[in-house]
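This report refers to the structure that appears directly beneath it.
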Amino acid sequence: MRREMELAMKRPTKRTRWAQVLAFLFSAATAQAAGLESGPVSDDPIWTDKPVRIDRKTQAYERLAVEPIVLPLRLHPSARVTVFDSASFADGGRLYVLTDAVPVDPKRFCRDGDGAVAICGQQARIALRRLVAGKSLTCEEDIRFSGVSFLTCSAGGKDLAETLVATGAASAATPRLAGTQEDAIRRKAGIWIDAECRALKRCPPGRGR
C-alpha cells in the first residue's frame, strides 16, 4: 500500500501535465515573437580566449560620430603683457583676440555733448590691460590661425568681452553681446559719450581733437 502511494505521488497529475504543456507553448510563442527559432542548444562557446581578426568591411553596425573633447585653455599673461587695443594682446609670441569684442582705435578721441574731449581709445586699451595683466585666464579657442587665436575668455568668473562691452571699452562683434551694448549706449558709458559713436553704434578710426 505504501509503495502504491509513493508511485501515485511521483506520477504527474492531469493539472500538472496541462501546466507543463502551457509553459512549453508560452516559451515557444515568446521565442517566435522575438524572431528566434526554437531548437537544440548549441555547444559552441560564446566567448573565446583566442585573438580573432575582425574585418570591418563585413560589419554593418551603425557608426556614430564622436565629438572631440575641447579642454579649456589656461593663459597666464605676465604683468608686462603687450596689449594692442581693447580686444587683442600678445603673450608668449602668440596674438590673442577676443572673438566677441570689436576694439576701439587706441588713437581715438571721444567728445561728449558739452564739448569735453576724452582719450577714449587709450582708456579702452588700458581697460583690457587691467583685465589680463598678471591674471589667470580661462579661455576657449574659437578660431586658430598660424600665429593668432580668437578666444572667449573669462577671469575670476567674469567674461572679458562682456565686461569690455558693458563698460563701453569695446563694441559687440557678435549677437551674444548686442543687448549688453544697447545698455551701454543708453548709459553713455565709455566710448558712447561720443555722439558719432552712438549714431553709428561703433566708433570710427581715431581722429584728432
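Note on naming: chains are A, B, ... as they come in the C-alpha cells, residues start from 1 per chain, ligands start from 1 in the order shown.
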
Q | Polymer residues at most 7 Å from Ala133 of chain A, only C-alpha atoms, same-chain spacing of 3 or more positions, as a list in words | A |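 Close residues of Ala133 of chain A: Pro77, Ser78, Ala79, Arg80, Val81, Arg129 and Arg130 of chain A.
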
Serialized selection, C-alpha atoms, as a PDB file, in the first residue's frame:
ATOM      1  CA  PRO A  77      49.757  86.740 -19.139  1.00  0.00           C
ATOM      2  CA  SER A  78      52.543  88.432 -17.264  1.00  0.00           C
ATOM      3  CA  ALA A  79      52.288  91.922 -15.807  1.00  0.00           C
ATOM      4  CA  ARG A  80      54.244  93.122 -18.863  1.00  0.00           C
ATOM      5  CA  VAL A  81      51.837  91.642 -21.409  1.00  0.00           C
ATOM      6  CA  ARG A 129      45.268  95.519 -19.775  1.00  0.00           C
ATOM      7  CA  ARG A 130      43.741  95.660 -16.299  1.00  0.00           C
TER       8      ARG A 130
END

Q: Within 6 Å of Val102 of chain A, counting only C-alpha atoms, which residues show up once you throw out same-chain ones fewer than 2 positions away? Write them as JSON, numbers by chain, please.
A: {"A": [170, 171, 172, 173]}

Q. Can you tell me how far atom CA of Glu196 of chain A sits from atom CA of Cys110 of chain A, in Å to one decimal?
A.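 One can read the atom CA of Glu196 of chain A to atom CA of Cys110 of chain A distance as 8.7 Å.
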
Q | Among listed residues A:Thr82, A:Cys139, A:Arg198, A:Ile119, nearest Leu160 of chain A (using only C-alpha atoms) | A |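 Smallest separation from Leu160 of chain A among the options: A:Cys139.
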
Q) In terms of the shortest atom-to-atom distance over only C-alpha atoms, which of A:Leu95, A:Ala189, A:Cys197, A:Val148 is closest to Ala166 of chain A? A)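 The closest residue to Ala166 of chain A is A:Ala189.
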
Q) So, counting only C-alpha atoms, which residue among A:Ser149, A:Thr58, A:Gln123, A:Thr174 is closest to Leu75 of chain A? A)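 Among the listed residues, the smallest separation from Leu75 of chain A belongs to A:Ser149.
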
**Q.** Pick from A:Ile191, A:Ala184, A:Ala161, A:Ala90, whichever lies nearest to Ala124 of chain A using only C-alpha atoms
**A.** A:Ile191

Q) In Å, how far is it from atom CA of Gly134 of chain A to atom CA of Gly156 of chain A? A) 12.3 Å

(Q) Neighbouring residues of Val104 of chain A were defined as those with any atom within 9 Å, considering only C-alpha atoms; residues of the same chain fewer than 3 positions away were excluded. Please report them as a list in words. (A)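 So, after excluding close chain neighbours, the residues are Asp85, Ser86, Ala87, Lys107, Arg108, Cys120, Gly121, Gln122, Ala124, Arg125, Ala169, Ala170, Ser171, Ile191, Arg202, Cys203, Pro204, Pro205 and Gly206 of chain A.
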
Next, the residues of the selection above should be written as a short mmCIF file (atom, residue, chain, number, x, y, z; two decimals), in the first residue's frame with all heavy atoms.
data_model
loop_
_atom_site.label_atom_id
_atom_site.label_comp_id
_atom_site.auth_asym_id
_atom_site.auth_seq_id
_atom_site.Cartn_x
_atom_site.Cartn_y
_atom_site.Cartn_z
N ASP A 85 45.13 96.89 -28.28
CA ASP A 85 43.92 97.71 -28.24
C ASP A 85 42.99 97.08 -27.22
O ASP A 85 43.44 96.29 -26.38
CB ASP A 85 43.27 97.82 -29.63
CG ASP A 85 43.09 96.46 -30.30
OD1 ASP A 85 42.76 95.48 -29.59
OD2 ASP A 85 43.28 96.36 -31.52
N SER A 86 41.70 97.36 -27.29
CA SER A 86 40.78 96.85 -26.26
C SER A 86 40.24 95.45 -26.56
O SER A 86 39.34 94.98 -25.86
CB SER A 86 39.61 97.82 -26.09
OG SER A 86 38.89 97.96 -27.31
N ALA A 87 40.82 94.75 -27.55
CA ALA A 87 40.35 93.40 -27.83
C ALA A 87 41.47 92.44 -28.19
O ALA A 87 41.19 91.27 -28.49
CB ALA A 87 39.32 93.42 -28.97
N LYS A 107 44.01 105.41 -30.87
CA LYS A 107 44.21 106.83 -31.13
C LYS A 107 42.90 107.62 -31.12
O LYS A 107 42.90 108.83 -31.39
CB LYS A 107 44.90 107.02 -32.49
CG LYS A 107 46.29 106.38 -32.56
CD LYS A 107 46.89 106.59 -33.94
CE LYS A 107 48.27 105.93 -34.03
NZ LYS A 107 48.88 106.12 -35.38
N ARG A 108 41.83 106.94 -30.81
CA ARG A 108 40.51 107.57 -30.87
C ARG A 108 40.31 108.56 -29.73
O ARG A 108 40.59 108.26 -28.56
CB ARG A 108 39.42 106.50 -30.82
CG ARG A 108 38.00 107.03 -30.73
CD ARG A 108 37.48 107.51 -32.04
NE ARG A 108 36.24 108.24 -31.88
CZ ARG A 108 35.50 108.67 -32.90
NH1 ARG A 108 35.84 108.41 -34.14
NH2 ARG A 108 34.39 109.35 -32.68
N CYS A 120 39.40 108.25 -25.22
CA CYS A 120 38.66 107.01 -25.01
C CYS A 120 39.36 105.79 -25.61
O CYS A 120 39.21 104.67 -25.11
CB CYS A 120 37.24 107.14 -25.56
SG CYS A 120 37.17 107.59 -27.30
N GLY A 121 40.14 105.97 -26.68
CA GLY A 121 40.85 104.84 -27.26
C GLY A 121 41.89 104.28 -26.32
O GLY A 121 41.99 103.06 -26.13
N GLN A 122 42.69 105.16 -25.71
CA GLN A 122 43.69 104.72 -24.74
C GLN A 122 43.04 104.15 -23.47
O GLN A 122 43.51 103.19 -22.89
CB GLN A 122 44.62 105.87 -24.38
CG GLN A 122 45.68 106.18 -25.43
CD GLN A 122 46.62 105.01 -25.66
OE1 GLN A 122 47.03 104.32 -24.72
NE2 GLN A 122 46.97 104.77 -26.91
N ALA A 124 40.21 102.61 -23.32
CA ALA A 124 39.71 101.28 -23.64
C ALA A 124 40.84 100.26 -23.63
O ALA A 124 40.68 99.14 -23.14
CB ALA A 124 39.01 101.31 -25.00
N ARG A 125 42.01 100.62 -24.19
CA ARG A 125 43.16 99.71 -24.19
C ARG A 125 43.61 99.40 -22.77
O ARG A 125 43.91 98.25 -22.43
CB ARG A 125 44.31 100.32 -24.99
CG ARG A 125 45.49 99.39 -25.19
CD ARG A 125 46.60 100.08 -25.96
NE ARG A 125 47.19 101.16 -25.18
CZ ARG A 125 48.16 100.99 -24.27
NH1 ARG A 125 48.63 99.76 -24.03
NH2 ARG A 125 48.64 102.01 -23.62
N ALA A 169 34.19 99.97 -23.43
CA ALA A 169 35.58 99.88 -23.85
C ALA A 169 35.72 99.10 -25.15
O ALA A 169 36.83 98.96 -25.68
CB ALA A 169 36.43 99.23 -22.76
N ALA A 170 34.62 98.60 -25.67
CA ALA A 170 34.60 97.86 -26.94
C ALA A 170 33.14 97.79 -27.39
O ALA A 170 32.23 98.04 -26.60
CB ALA A 170 35.18 96.46 -26.78
N SER A 171 32.95 97.48 -28.65
CA SER A 171 31.59 97.26 -29.15
C SER A 171 31.39 95.78 -29.42
O SER A 171 32.36 95.01 -29.52
CB SER A 171 31.34 98.08 -30.42
OG SER A 171 32.33 97.83 -31.40
N ILE A 191 33.08 104.84 -24.63
CA ILE A 191 33.10 105.43 -25.96
C ILE A 191 31.75 106.02 -26.36
O ILE A 191 31.68 106.86 -27.27
CB ILE A 191 33.53 104.41 -27.02
CG1 ILE A 191 32.58 103.22 -27.03
CG2 ILE A 191 34.96 103.95 -26.79
CD1 ILE A 191 32.86 102.19 -28.12
N ARG A 202 29.10 102.24 -33.35
CA ARG A 202 30.50 101.83 -33.36
C ARG A 202 31.33 103.10 -33.45
O ARG A 202 30.84 104.15 -33.88
CB ARG A 202 30.83 100.90 -34.53
CG ARG A 202 30.65 101.56 -35.89
CD ARG A 202 31.01 100.63 -37.04
NE ARG A 202 30.84 101.29 -38.32
CZ ARG A 202 31.72 102.10 -38.89
NH1 ARG A 202 32.87 102.35 -38.26
NH2 ARG A 202 31.49 102.66 -40.06
N CYS A 203 32.58 103.01 -33.07
CA CYS A 203 33.46 104.18 -33.17
C CYS A 203 34.34 104.05 -34.40
O CYS A 203 35.08 103.06 -34.53
CB CYS A 203 34.32 104.30 -31.92
SG CYS A 203 33.46 105.09 -30.53
N PRO A 204 34.30 105.05 -35.30
CA PRO A 204 35.20 105.03 -36.46
C PRO A 204 36.65 105.12 -36.01
O PRO A 204 36.93 105.36 -34.84
CB PRO A 204 34.77 106.26 -37.26
CG PRO A 204 33.43 106.65 -36.72
CD PRO A 204 33.42 106.22 -35.31
N PRO A 205 37.59 104.94 -36.95
CA PRO A 205 39.01 105.07 -36.59
C PRO A 205 39.30 106.43 -35.95
O PRO A 205 38.53 107.39 -36.09
CB PRO A 205 39.73 104.92 -37.93
CG PRO A 205 38.79 104.10 -38.76
CD PRO A 205 37.42 104.52 -38.34
N GLY A 206 40.44 106.49 -35.25
CA GLY A 206 40.80 107.69 -34.48
C GLY A 206 40.88 108.94 -35.33
O GLY A 206 41.21 108.91 -36.52
#

(Q) Env of Cys153 of chain A: 12 Å cut, atoms = only C-alpha atoms, seq-sep filter 6 positions within chain, self excluded. Answer as a ChimeraX atom specification. (A) /A:72-76,87-88,96-101,128,131-132,135-142,159-164

(Q) Please report the interatomic distance between atom CA of Asp105 of chain A and atom CA of Gln181 of chain A in Å with one decimal. (A)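 Result for atom CA of Asp105 of chain A versus atom CA of Gln181 of chain A: 17.3 Å, one decimal.
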
Q) With only C-alpha atoms as the basis for distance, which of A:Lys188, A:Ile193, A:Leu151, A:Thr167 is at the shortest distance from Gly115 of chain A? A)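 Result for the nearest residue to Gly115 of chain A: A:Ile193.
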